[in-house]
$ cat input_14.pdb   # PDB, C-alpha atoms
ATOM      1  CA  MET A   4       6.228   7.046  39.920
ATOM      2  CA  PHE A   5       3.568   4.957  41.663
ATOM      3  CA  LYS A   6       0.410   4.575  39.633
ATOM      4  CA  GLY A   7      -2.362   3.532  41.987
ATOM      5  CA  PHE A   8      -6.090   3.453  41.621
ATOM      6  CA  ASP A   9      -7.869   6.589  42.791
ATOM      7  CA  GLN A  10      -4.611   8.507  42.641
ATOM      8  CA  ILE A  11      -5.175  11.884  41.052
ATOM      9  CA  ILE A  12      -2.083  13.362  39.474
ATOM     10  CA  THR A  13      -1.242  16.512  37.584
ATOM     11  CA  ILE A  14      -0.508  16.018  33.915
ATOM     12  CA  PRO A  15       1.793  18.928  33.009
ATOM     13  CA  SER A  16       1.304  21.354  30.156
ATOM     14  CA  GLY A  17       3.309  20.385  27.095
ATOM     15  CA  THR A  18       2.427  16.704  27.516
ATOM     16  CA  ARG A  19       1.433  14.929  24.312
ATOM     17  CA  TYR A  20      -1.887  13.080  24.295
ATOM     18  CA  THR A  21      -4.212  11.209  22.011
ATOM     19  CA  VAL A  22      -7.935  10.569  22.317
ATOM     20  CA  SER A  23      -9.794   7.308  22.794
ATOM     21  CA  GLN A  24     -11.210   5.249  19.967
ATOM     22  CA  ILE A  25     -13.361   2.151  20.118
ATOM     23  CA  GLY A  26     -11.577  -1.017  19.035
ATOM     24  CA  TYR A  27     -11.586  -4.780  19.355
ATOM     25  CA  TYR A  28     -14.398  -6.229  21.460
ATOM     26  CA  ASN A  29     -15.697  -2.670  22.030
ATOM     27  CA  PHE A  30     -12.761  -1.775  24.280
ATOM     28  CA  TRP A  31     -11.275   1.727  24.199
ATOM     29  CA  TYR A  32      -7.776   2.226  22.813
ATOM     30  CA  PRO A  33      -5.525   5.203  22.053
ATOM     31  CA  SER A  34      -6.237   6.644  18.631
ATOM     32  CA  SER A  35      -3.685   5.822  15.984
ATOM     33  CA  ASP A  36      -4.799   8.805  13.880
ATOM     34  CA  SER A  37      -2.216  11.585  14.146
ATOM     35  CA  ASP A  38      -5.019  14.146  13.620
ATOM     36  CA  GLU A  39      -6.400  13.077  17.008
ATOM     37  CA  GLN A  40      -3.185  13.797  18.868
ATOM     38  CA  GLY A  41      -2.270  17.032  20.554
ATOM     39  CA  VAL A  42      -0.258  18.783  23.236
ATOM     40  CA  LEU A  43      -1.817  20.005  26.482
ATOM     41  CA  SER A  44      -1.741  23.794  26.615
ATOM     42  CA  GLU A  45      -2.228  23.780  30.389
ATOM     43  CA  SER A  46      -1.790  21.331  33.242
ATOM     44  CA  VAL A  47      -4.793  19.102  33.980
ATOM     45  CA  SER A  48      -5.722  16.633  36.702
ATOM     46  CA  GLY A  49      -6.244  13.003  35.822
ATOM     47  CA  MET A  50      -6.756   9.643  37.466
ATOM     48  CA  TYR A  51      -4.654   6.719  36.255
ATOM     49  CA  LEU A  52      -6.634   3.853  34.708
ATOM     50  CA  SER A  53      -5.241   0.334  34.516
ATOM     51  CA  TRP A  54      -6.545  -0.265  31.005
ATOM     52  CA  ARG A  55      -4.511  -2.268  28.548
ATOM     53  CA  GLY A  56      -4.003  -1.292  24.940
ATOM     54  CA  GLY A  57      -1.624   1.634  25.084
ATOM     55  CA  GLY A  58       1.466  -0.517  24.813
ATOM     56  CA  ASP A  59       4.710   1.126  25.878
ATOM     57  CA  LEU A  60       3.731   4.501  24.418
ATOM     58  CA  TRP A  61       0.408   5.558  25.959
ATOM     59  CA  THR A  62      -1.193   5.481  29.428
ATOM     60  CA  PRO A  63      -4.887   6.264  29.961
ATOM     61  CA  TYR A  64      -6.104   8.870  32.439
ATOM     62  CA  GLN A  65      -9.655   9.751  33.349
ATOM     63  CA  VAL A  66     -10.164  13.496  33.086
ATOM     64  CA  THR A  67     -13.072  15.861  33.532
ATOM     65  CA  GLU A  68     -15.713  16.113  30.848
ATOM     66  CA  THR A  69     -14.498  19.628  30.038
ATOM     67  CA  VAL A  70     -10.910  18.484  29.442
ATOM     68  CA  ALA A  71     -12.086  15.510  27.367
ATOM     69  CA  LYS A  72     -14.166  17.807  25.158
ATOM     70  CA  GLN A  73     -11.281  20.263  24.742
ATOM     71  CA  CYS A  74      -9.051  17.385  23.636
ATOM     72  CA  GLY A  75     -11.731  15.934  21.347
ATOM     73  CA  SER A  76     -12.105  12.632  23.174
ATOM     74  CA  PRO A  77     -15.496  10.907  22.895
ATOM     75  CA  ILE A  78     -15.194   9.701  26.506
ATOM     76  CA  ARG A  79     -13.627  11.153  29.662
ATOM     77  CA  VAL A  80     -10.284   9.485  28.944
ATOM     78  CA  ILE A  81      -7.156  10.761  27.246
ATOM     79  CA  TRP A  82      -4.053   8.709  26.571
ATOM     80  CA  VAL A  83      -0.853  10.412  27.692
ATOM     81  CA  TYR A  84       2.513   9.848  26.050
ATOM     82  CA  ASN A  85       4.618   7.941  28.607
ATOM     83  CA  GLU A  86       7.938   9.560  27.697
ATOM     84  CA  ASP A  87       6.538  13.022  28.449
ATOM     85  CA  MET A  88       5.419  11.918  31.918
ATOM     86  CA  LYS A  89       8.893  10.533  32.669
ATOM     87  CA  ASN A  90      10.517  13.799  31.627
ATOM     88  CA  GLY A  91       7.903  16.085  33.161
TER      89      GLY A  91
END

$ encode --input "input_14.pdb" --output "C-alpha cells"
Amino acid sequence: MFKGFDQIITIPSGTRYTVSQIGYYNFWYPSSDSDEQGVLSESVSGMYLSWRGGGDLWTPYQVTETVAKQCGSPIRVIWVYNEDMKNG
C-alpha cells in the first residue's frame, strides 16, 4: 500500500493501536505501556505521518481530536499495528 503525505485512509475496526508518549528529545513515540494499547471498535480515518520511532511494529496516523480522546492519546496521533493493516 502506498503511504503518501496527505493521503487519508480508513483504519479498519479491529485494528490494534497504541497512544503517543513523549520520549527522547521531546519527540513523540508509540507507548510501550500495554495499558495504553487497544483495539479500534469502529473504522476511523487517518492520515499517514512519516515519523520515525515506531520501528517495524507501529505506524503513526493523525486522527481527529475525538478519535484521539477516545483512544486516550494526548495528541491527535495514534500508532497502528502494522501487521493488522497488512491483513485488513

$ closest_residue --input "input_14.pdb" --among "A:Ser76, A:Asn85, A:Thr69, A:Ser48" --to "A:Thr21" --atoms "all atoms listed in the file"
A:Ser76

$ residues_around --input "input_14.pdb" --residues "A:Glu45" --least-positions-apart "3" --cutoff "12 Å" --atoms "all atoms listed in the file" --output "list of chain:residue names"
A:Thr13, A:Ile14, A:Pro15, A:Ser16, A:Gly17, A:Thr18, A:Arg19, A:Gly41, A:Val42, A:Ser48, A:Val70, A:Gln73, A:Cys74

$ closest_residue --input "input_14.pdb" --among "A:Gln65, A:Asp38, A:Tyr27, A:Gly56" --to "A:Gln10" --atoms "all atoms listed in the file"
A:Gln65

$ closest_residue --input "input_14.pdb" --among "A:Glu86, A:Val80, A:Leu43, A:Tyr32" --to "A:Arg55" --atoms "all atoms listed in the file"
A:Tyr32

$ closest_residue --input "input_14.pdb" --among "A:Met88, A:Ile78, A:Val47, A:Val83" --to "A:Pro63" --atoms "all atoms listed in the file"
A:Val83

$ atom_distance --input "input_14.pdb" --atom1 "atom CA of A:Phe30" --atom2 "atom CA of A:Ile11"
22.9 Å

$ resolve_selection --input "input_14.pdb" --expression "the PyMOL selection byres ((chain A and resi 57) around 12)" --output "JSON, numbers by chain"
{"A": [20, 21, 22, 23, 24, 26, 30, 31, 32, 33, 34, 35, 52, 53, 54, 55, 56, 58, 59, 60, 61, 62, 63, 64, 81, 82, 83, 84, 85]}

$ atom_distance --input "input_14.pdb" --atom1 "atom CA of A:Gly49" --atom2 "atom CA of A:Glu68"
11.1 Å

$ closest_residue --input "input_14.pdb" --among "A:Lys72, A:Asp36, A:Ile25, A:Val66" --to "A:Tyr51" --atoms "all atoms listed in the file"
A:Val66
